[in-house]
$ cat input-v2.cif   # mmCIF, C-alpha atoms
data_start
loop_
_atom_site.label_atom_id
_atom_site.label_comp_id
_atom_site.auth_asym_id
_atom_site.auth_seq_id
_atom_site.Cartn_x
_atom_site.Cartn_y
_atom_site.Cartn_z
CA MET A 134 -38.12 -94.58 -50.81
CA ILE A 135 -38.37 -91.25 -52.62
CA ASN A 136 -42.13 -91.68 -53.18
CA ALA A 137 -42.66 -92.51 -49.51
CA ARG A 138 -40.79 -89.35 -48.50
CA ARG A 139 -42.84 -87.26 -50.95
CA ASN A 140 -46.10 -88.72 -49.65
CA PHE A 141 -45.04 -88.02 -46.07
CA VAL A 142 -44.12 -84.40 -46.87
CA ASN A 143 -47.36 -83.95 -48.81
CA LYS A 144 -49.48 -85.26 -45.93
CA LEU A 145 -47.50 -83.18 -43.43
CA MET A 146 -48.06 -79.96 -45.39
CA LEU A 147 -51.74 -80.75 -45.91
CA GLY A 148 -52.05 -81.26 -42.16
CA ILE A 149 -50.35 -77.92 -41.48
CA PHE A 150 -52.63 -76.12 -43.96
CA ALA A 151 -55.71 -77.75 -42.46
CA ALA A 152 -54.63 -76.78 -38.95
CA ALA A 153 -53.97 -73.20 -40.05
CA THR A 154 -57.42 -73.05 -41.67
CA PHE A 155 -59.01 -74.38 -38.49
CA LEU A 156 -57.15 -71.84 -36.36
CA ALA A 157 -58.36 -69.04 -38.66
CA LEU A 158 -61.98 -70.20 -38.51
CA VAL A 159 -62.15 -70.71 -34.75
CA PRO A 160 -62.03 -67.00 -33.80
CA LEU A 161 -64.55 -66.16 -36.53
CA PHE A 162 -67.14 -68.71 -35.43
CA ALA A 163 -66.44 -67.99 -31.76
CA LEU A 164 -67.16 -64.31 -32.40
CA LEU A 165 -70.32 -65.05 -34.36
CA GLY A 166 -71.49 -67.53 -31.75
CA TYR A 167 -70.92 -65.08 -28.90
CA VAL A 168 -72.80 -62.28 -30.70
CA ILE A 169 -75.68 -64.59 -31.58
CA LYS A 170 -75.87 -65.93 -28.03
CA ASN A 171 -76.07 -62.46 -26.48
CA GLY A 172 -78.09 -60.75 -29.20
CA ILE A 173 -80.78 -63.23 -30.19
CA THR A 174 -82.59 -63.00 -26.85
CA SER A 175 -83.08 -59.23 -27.23
CA LEU A 176 -84.47 -59.36 -30.76
CA ASN A 177 -88.20 -58.85 -31.13
CA LEU A 178 -90.62 -56.98 -33.37
CA ASP A 179 -90.30 -53.77 -31.35
CA PHE A 180 -86.56 -53.72 -31.99
CA PHE A 181 -87.19 -53.36 -35.74
CA ILE A 182 -90.17 -50.97 -35.73
CA LYS A 183 -89.76 -48.70 -32.70
CA LEU A 184 -87.51 -45.79 -31.86
CA PRO A 185 -85.06 -45.97 -28.91
CA ALA A 186 -86.63 -45.73 -25.48
CA VAL A 187 -85.95 -42.86 -23.10
CA MET A 188 -82.71 -43.19 -21.13
CA GLY A 189 -83.13 -45.66 -18.28
CA MET A 190 -86.44 -47.05 -19.59
CA THR A 191 -86.95 -50.55 -20.92
CA GLY A 192 -88.27 -51.46 -24.35
CA GLY A 193 -87.84 -49.50 -27.55
CA GLY A 194 -85.82 -50.46 -30.58
CA MET A 195 -83.35 -49.33 -33.22
CA ALA A 196 -85.58 -48.86 -36.25
CA ASN A 197 -84.12 -45.44 -37.02
CA ALA A 198 -80.55 -46.75 -36.68
CA ILE A 199 -81.24 -49.66 -39.04
CA GLU A 200 -82.72 -47.28 -41.61
CA GLY A 201 -79.84 -44.84 -41.12
CA THR A 202 -77.21 -47.55 -41.61
CA LEU A 203 -78.80 -48.64 -44.89
CA ILE A 204 -78.95 -45.01 -46.08
CA LEU A 205 -75.32 -44.36 -45.18
CA ILE A 206 -74.20 -47.57 -46.90
CA ALA A 207 -76.21 -46.61 -50.00
CA ILE A 208 -74.71 -43.10 -50.17
CA ALA A 209 -71.18 -44.42 -49.64
CA SER A 210 -71.65 -47.12 -52.30
CA ILE A 211 -73.13 -44.71 -54.85
CA ILE A 212 -70.14 -42.41 -54.42
CA GLY A 213 -67.30 -44.80 -53.67
CA ILE A 214 -67.84 -47.86 -55.87
CA PRO A 215 -68.16 -46.10 -59.29
CA ILE A 216 -65.19 -43.82 -58.55
CA GLY A 217 -63.06 -46.74 -57.40
CA ILE A 218 -63.90 -48.87 -60.46
CA LEU A 219 -63.32 -46.00 -62.92
CA VAL A 220 -59.93 -45.16 -61.37
CA ALA A 221 -58.94 -48.84 -61.50
CA ILE A 222 -59.93 -49.04 -65.17
CA TYR A 223 -57.78 -45.99 -65.91
CA LEU A 224 -54.78 -47.43 -64.06
CA THR A 225 -55.10 -50.83 -65.73
CA GLU A 226 -56.29 -50.10 -69.25
CA TYR A 227 -55.04 -46.61 -70.09
CA ASP A 228 -52.06 -45.63 -67.96
CA ARG A 229 -50.10 -48.32 -66.17
CA TYR A 230 -46.60 -46.89 -65.88
CA SER A 231 -46.64 -43.07 -65.98
CA TRP A 232 -45.79 -40.83 -63.02
CA LEU A 233 -49.51 -40.07 -62.60
CA SER A 234 -50.54 -43.72 -62.23
CA THR A 235 -47.62 -44.33 -59.85
CA THR A 236 -48.71 -41.35 -57.75
CA VAL A 237 -52.32 -42.54 -57.70
CA ARG A 238 -51.30 -46.03 -56.56
CA PHE A 239 -49.06 -44.60 -53.84
CA THR A 240 -51.84 -42.28 -52.67
CA THR A 241 -54.28 -45.18 -52.66
CA ASP A 242 -51.98 -47.26 -50.48
CA VAL A 243 -51.53 -44.33 -48.08
CA LEU A 244 -55.29 -43.74 -47.86
CA THR A 245 -55.84 -47.42 -47.08
CA GLY A 246 -53.71 -47.09 -43.96
CA ILE A 247 -55.04 -43.74 -42.68
CA PRO A 248 -57.12 -44.13 -39.47
CA SER A 249 -60.81 -43.67 -40.16
CA ILE A 250 -61.12 -41.07 -37.40
CA ILE A 251 -58.77 -38.77 -39.38
CA ILE A 252 -60.99 -39.13 -42.43
CA GLY A 253 -64.01 -38.29 -40.28
CA ILE A 254 -62.33 -35.12 -38.98
CA VAL A 255 -61.32 -34.00 -42.48
CA VAL A 256 -64.79 -34.57 -43.92
CA SER A 257 -66.29 -32.81 -40.91
CA MET A 258 -64.15 -29.74 -41.58
CA ALA A 259 -64.89 -29.87 -45.30
CA ILE A 260 -68.66 -30.43 -45.15
CA VAL A 261 -70.11 -30.14 -41.64
CA SER A 262 -68.29 -26.94 -40.76
CA LYS A 263 -69.32 -25.37 -44.08
CA THR A 264 -72.98 -26.43 -44.05
CA LYS A 265 -73.36 -26.06 -40.25
CA HIS A 266 -75.21 -29.38 -40.18
CA PHE A 267 -74.34 -32.95 -39.29
CA SER A 268 -75.93 -35.01 -42.04
CA ALA A 269 -76.30 -38.36 -43.75
CA PHE A 270 -74.52 -36.93 -46.78
CA ALA A 271 -71.44 -36.02 -44.74
CA GLY A 272 -71.41 -39.47 -43.16
CA GLY A 273 -71.80 -41.14 -46.56
CA VAL A 274 -68.91 -39.11 -48.00
CA ALA A 275 -66.66 -40.10 -45.08
CA LEU A 276 -67.47 -43.78 -45.61
CA ALA A 277 -66.99 -43.39 -49.38
CA VAL A 278 -63.49 -41.97 -48.85
CA ILE A 279 -62.66 -45.11 -46.86
CA MET A 280 -64.18 -47.33 -49.57
CA ILE A 281 -62.51 -45.80 -52.63
CA PRO A 282 -58.91 -47.03 -52.09
CA LEU A 283 -60.18 -50.51 -51.21
CA VAL A 284 -62.27 -50.69 -54.39
CA ILE A 285 -59.42 -49.31 -56.50
CA ARG A 286 -56.89 -51.89 -55.34
CA SER A 287 -59.22 -54.89 -55.52
CA THR A 288 -60.63 -53.91 -58.94
CA GLU A 289 -57.16 -53.21 -60.36
CA GLU A 290 -55.93 -56.64 -59.30
CA MET A 291 -58.99 -58.32 -60.81
CA LEU A 292 -58.54 -56.48 -64.12
CA LYS A 293 -54.87 -57.49 -64.24
CA LEU A 294 -55.94 -61.14 -64.05
CA VAL A 295 -57.83 -60.84 -67.35
CA PRO A 296 -55.47 -62.30 -70.01
CA HIS A 297 -54.02 -59.71 -72.36
CA ALA A 298 -54.72 -62.09 -75.26
CA ILE A 299 -58.44 -61.39 -74.82
CA ARG A 300 -57.85 -57.69 -75.38
CA GLU A 301 -55.65 -58.40 -78.39
CA ALA A 302 -58.36 -60.59 -79.90
CA GLY A 303 -60.79 -57.69 -79.60
CA TYR A 304 -58.35 -55.30 -81.26
CA ALA A 305 -57.80 -57.85 -84.08
CA LEU A 306 -61.55 -57.79 -84.74
CA GLY A 307 -61.53 -54.02 -84.99
CA ILE A 308 -63.38 -53.43 -81.71
CA SER A 309 -62.73 -50.11 -79.99
CA GLN A 310 -60.96 -50.04 -76.63
CA ARG A 311 -64.06 -48.70 -74.92
CA ARG A 312 -66.17 -51.63 -76.11
CA ILE A 313 -63.45 -54.11 -75.23
CA ILE A 314 -63.39 -52.79 -71.68
CA LEU A 315 -67.18 -52.66 -71.31
CA ASN A 316 -68.10 -55.88 -73.12
CA ILE A 317 -65.11 -58.15 -72.55
CA VAL A 318 -62.79 -57.09 -69.72
CA LEU A 319 -65.34 -55.96 -67.12
CA PRO A 320 -67.70 -58.98 -67.55
CA THR A 321 -64.71 -61.32 -67.28
CA ALA A 322 -63.57 -59.74 -64.02
CA ALA A 323 -67.08 -58.97 -62.73
CA LYS A 324 -67.16 -61.60 -60.00
CA GLY A 325 -63.91 -60.43 -58.46
CA ILE A 326 -64.90 -56.77 -58.76
CA ILE A 327 -68.21 -57.41 -57.01
CA THR A 328 -66.45 -59.36 -54.26
CA GLY A 329 -64.00 -56.51 -53.74
CA ALA A 330 -66.81 -53.96 -53.63
CA MET A 331 -68.72 -56.01 -51.08
CA LEU A 332 -65.62 -56.34 -48.92
CA ALA A 333 -65.31 -52.54 -49.02
CA VAL A 334 -68.99 -52.22 -48.03
CA ALA A 335 -68.45 -54.65 -45.16
CA ARG A 336 -65.37 -52.66 -44.11
CA VAL A 337 -67.26 -49.37 -43.77
CA SER A 338 -70.53 -50.78 -42.43
CA GLY A 339 -69.13 -51.07 -38.92
CA GLU A 340 -67.22 -47.77 -38.85
CA THR A 341 -68.06 -45.60 -35.84
CA ALA A 342 -65.36 -42.93 -35.51
CA PRO A 343 -65.98 -41.05 -38.80
CA LEU A 344 -69.74 -41.03 -38.17
CA LEU A 345 -69.30 -39.36 -34.80
CA PHE A 346 -67.87 -36.32 -36.61
CA THR A 347 -70.19 -36.32 -39.63
CA ALA A 348 -73.54 -38.06 -39.09
CA LEU A 349 -73.41 -37.74 -35.26
CA GLY A 350 -76.55 -39.73 -34.42
CA ASN A 351 -80.24 -39.16 -33.85
CA GLN A 352 -82.83 -40.57 -31.47
CA TYR A 353 -85.59 -39.90 -33.99
CA TRP A 354 -86.30 -40.36 -37.69
CA THR A 355 -84.25 -38.30 -40.12
CA HIS A 356 -86.20 -36.20 -42.63
CA SER A 357 -83.34 -34.64 -44.60
CA LEU A 358 -80.15 -36.19 -45.93
CA PHE A 359 -78.36 -32.83 -45.93
CA LYS A 360 -79.58 -30.98 -42.84
CA ASP A 361 -80.38 -33.53 -40.12
CA PRO A 362 -78.11 -35.83 -38.09
CA ILE A 363 -78.85 -39.47 -38.77
CA ALA A 364 -78.78 -42.54 -36.55
CA SER A 365 -76.61 -45.54 -37.40
CA LEU A 366 -76.13 -48.95 -35.85
CA PRO A 367 -72.38 -48.57 -35.13
CA VAL A 368 -72.87 -45.28 -33.26
CA GLN A 369 -75.98 -46.59 -31.48
CA ILE A 370 -74.14 -49.75 -30.45
CA TYR A 371 -71.22 -47.69 -29.15
CA THR A 372 -73.56 -45.41 -27.18
CA TYR A 373 -75.50 -48.30 -25.68
CA ALA A 374 -72.45 -50.46 -24.93
CA THR A 375 -70.77 -47.64 -22.95
CA SER A 376 -73.91 -46.79 -20.98
CA PRO A 377 -74.55 -47.99 -17.39
CA TYR A 378 -77.93 -49.56 -18.25
CA ASP A 379 -78.29 -53.34 -18.62
CA GLU A 380 -81.23 -52.91 -21.01
CA TRP A 381 -79.09 -50.84 -23.35
CA HIS A 382 -76.31 -53.42 -23.13
CA ARG A 383 -78.75 -56.09 -24.31
CA GLN A 384 -79.90 -53.88 -27.16
CA ALA A 385 -76.28 -53.22 -28.12
CA TRP A 386 -75.78 -56.97 -28.55
CA ALA A 387 -78.97 -57.16 -30.61
CA GLY A 388 -77.78 -54.25 -32.76
CA SER A 389 -74.45 -56.01 -33.31
CA LEU A 390 -76.25 -59.12 -34.49
CA VAL A 391 -78.46 -57.10 -36.86
CA LEU A 392 -75.42 -55.27 -38.27
CA ILE A 393 -73.70 -58.57 -39.03
CA ALA A 394 -76.92 -59.84 -40.63
CA ILE A 395 -77.15 -56.73 -42.84
CA ILE A 396 -73.60 -57.23 -44.09
CA LEU A 397 -74.28 -60.91 -44.75
CA CYS A 398 -77.50 -60.12 -46.65
CA LEU A 399 -75.77 -57.50 -48.81
CA ASN A 400 -73.09 -60.03 -49.77
CA LEU A 401 -75.66 -62.71 -50.56
CA ILE A 402 -77.76 -60.33 -52.66
CA ALA A 403 -74.73 -59.22 -54.67
CA ARG A 404 -73.60 -62.79 -55.30
CA PHE A 405 -77.13 -63.91 -56.24
CA ALA A 406 -77.52 -60.97 -58.65
CA PHE A 407 -74.20 -61.80 -60.33
CA ARG A 408 -75.09 -65.49 -60.58
CA SER A 409 -78.47 -64.68 -62.15
CA ARG A 410 -76.79 -62.37 -64.64
CA SER A 411 -74.22 -65.01 -65.54
CA ASN A 412 -76.93 -67.59 -66.16
#
$ encode --input "input-v2.cif" --output "structure tokens"
Amino acid sequence: MINARRNFVNKLMLGIFAAATFLALVPLFALLGYVIKNGITSLNLDFFIKLPAVMGMTGGGMANAIEGTLILIAIASIIGIPIGILVAIYLTEYDRYSWLSTTVRFTTDVLTGIPSIIIGIVVSMAIVSKTKHFSAFAGGVALAVIMIPLVIRSTEEMLKLVPHAIREAGYALGISQRRIILNIVLPTAAKGIITGAMLAVARVSGETAPLLFTALGNQYWTHSLFKDPIASLPVQIYTYATSPYDEWHRQAWAGSLVLIAIILCLNLIARFAFRSRSN
């Protein structure tokens, strides 16, 4: 009787979990399906190699926006990921309980919840207003500020999962703390750290508000990372989606599909690189 009740409860809970998983996946695949349905018909070679057409004209593409998005992601990653990982290492390996580490964690949590448009305004006042130029660098810094708290929290949690016994074994062998961190702790937590970093990249890849105040946008190619505005897919999609032209609406759907594809490719590349390294 008791076993029958346990089996029933077990099957009931498994059914509930499966239903919850299904309900979580339905919106995701519905969203992807809707974007693919509306965007795939507008994708062609011109979309990837040509500049945007003149307002009201048909044709053209988003080549400059695709390039600009990749540049902005690269700048943000170069700035945000190393800083986030280094701060997480400090909080986990060197200073877990002092007032400074507590303050840093609190500040990180606050930054995670700050609207991205506020970050865009602050970076605009700090960089754009001083240099008198919208630029890729300013946009990359704004995205990096959004990335840093996400990388810190995810990396810190991954480092905490590494058993303390592994560190103690290194100390017993006379290995320095620096080498233990570099050669034992980080490789052990590498998969989780990479996943967290890629989630942060995916988070900022679709940001529009901070780029409106820092990178602005550009209908042409950008020749300077510090003096010229730069196009990006999120801003271009926003501009096209709010326009009155059906052709631009179709290109906005195509840009949305390409943006999703870029994020997917970045995640796959990172996972493949980690797998190759592990092997």
$ resolve_selection --input "input-v2.cif" --expression "the PyMOL selection byres ((chain A and resi 368) around 12)" --output "NGL selection string"
:A and (195 or 197-199 or 201-202 or 272 or 338-352 or 362-367 or 369-375 or 385 or 388-389 or 392)
$ closest_residue --input "input-v2.cif" --among "A:Ile326, A:Ala335, A:Leu244, A:Ile216" --to "Leu397 (chain A)" --atoms "only C-alpha atoms"
A:Ala335
$ atom_distance --input "input-v2.cif" --atom1 "CA of Gly193 (chain A)" --atom2 "CA of Ala387 (chain A)"
12.1 Å
$ residues_around --input "input-v2.cif" --residues "Asn400 (chain A)" --least-positions-apart "3" --cutoff "12 Å" --atoms "all atoms listed in the file" --output "JSON, numbers by chain"
{"A": [324, 327, 328, 329, 330, 331, 332, 333, 334, 335, 393, 394, 395, 396, 397, 403, 404, 405, 406, 407]}
$ closest_residue --input "input-v2.cif" --among "A:Leu399, A:Ile208, A:Val295, A:Ala305" --to "Pro320 (chain A)" --atoms "all atoms listed in the file"
A:Val295
$ residues_around --input "input-v2.cif" --residues "region 186-191 of chain A" --least-positions-apart "3" --cutoff "8 Å" --atoms "all atoms listed in the file" --output "PyMOL selection string"
chain A and resi 194+378+380
$ closest_residue --input "input-v2.cif" --among "A:Val168, A:Val159, A:Val318, A:Val256" --to "Leu294 (chain A)" --atoms "only C-alpha atoms"
A:Val318
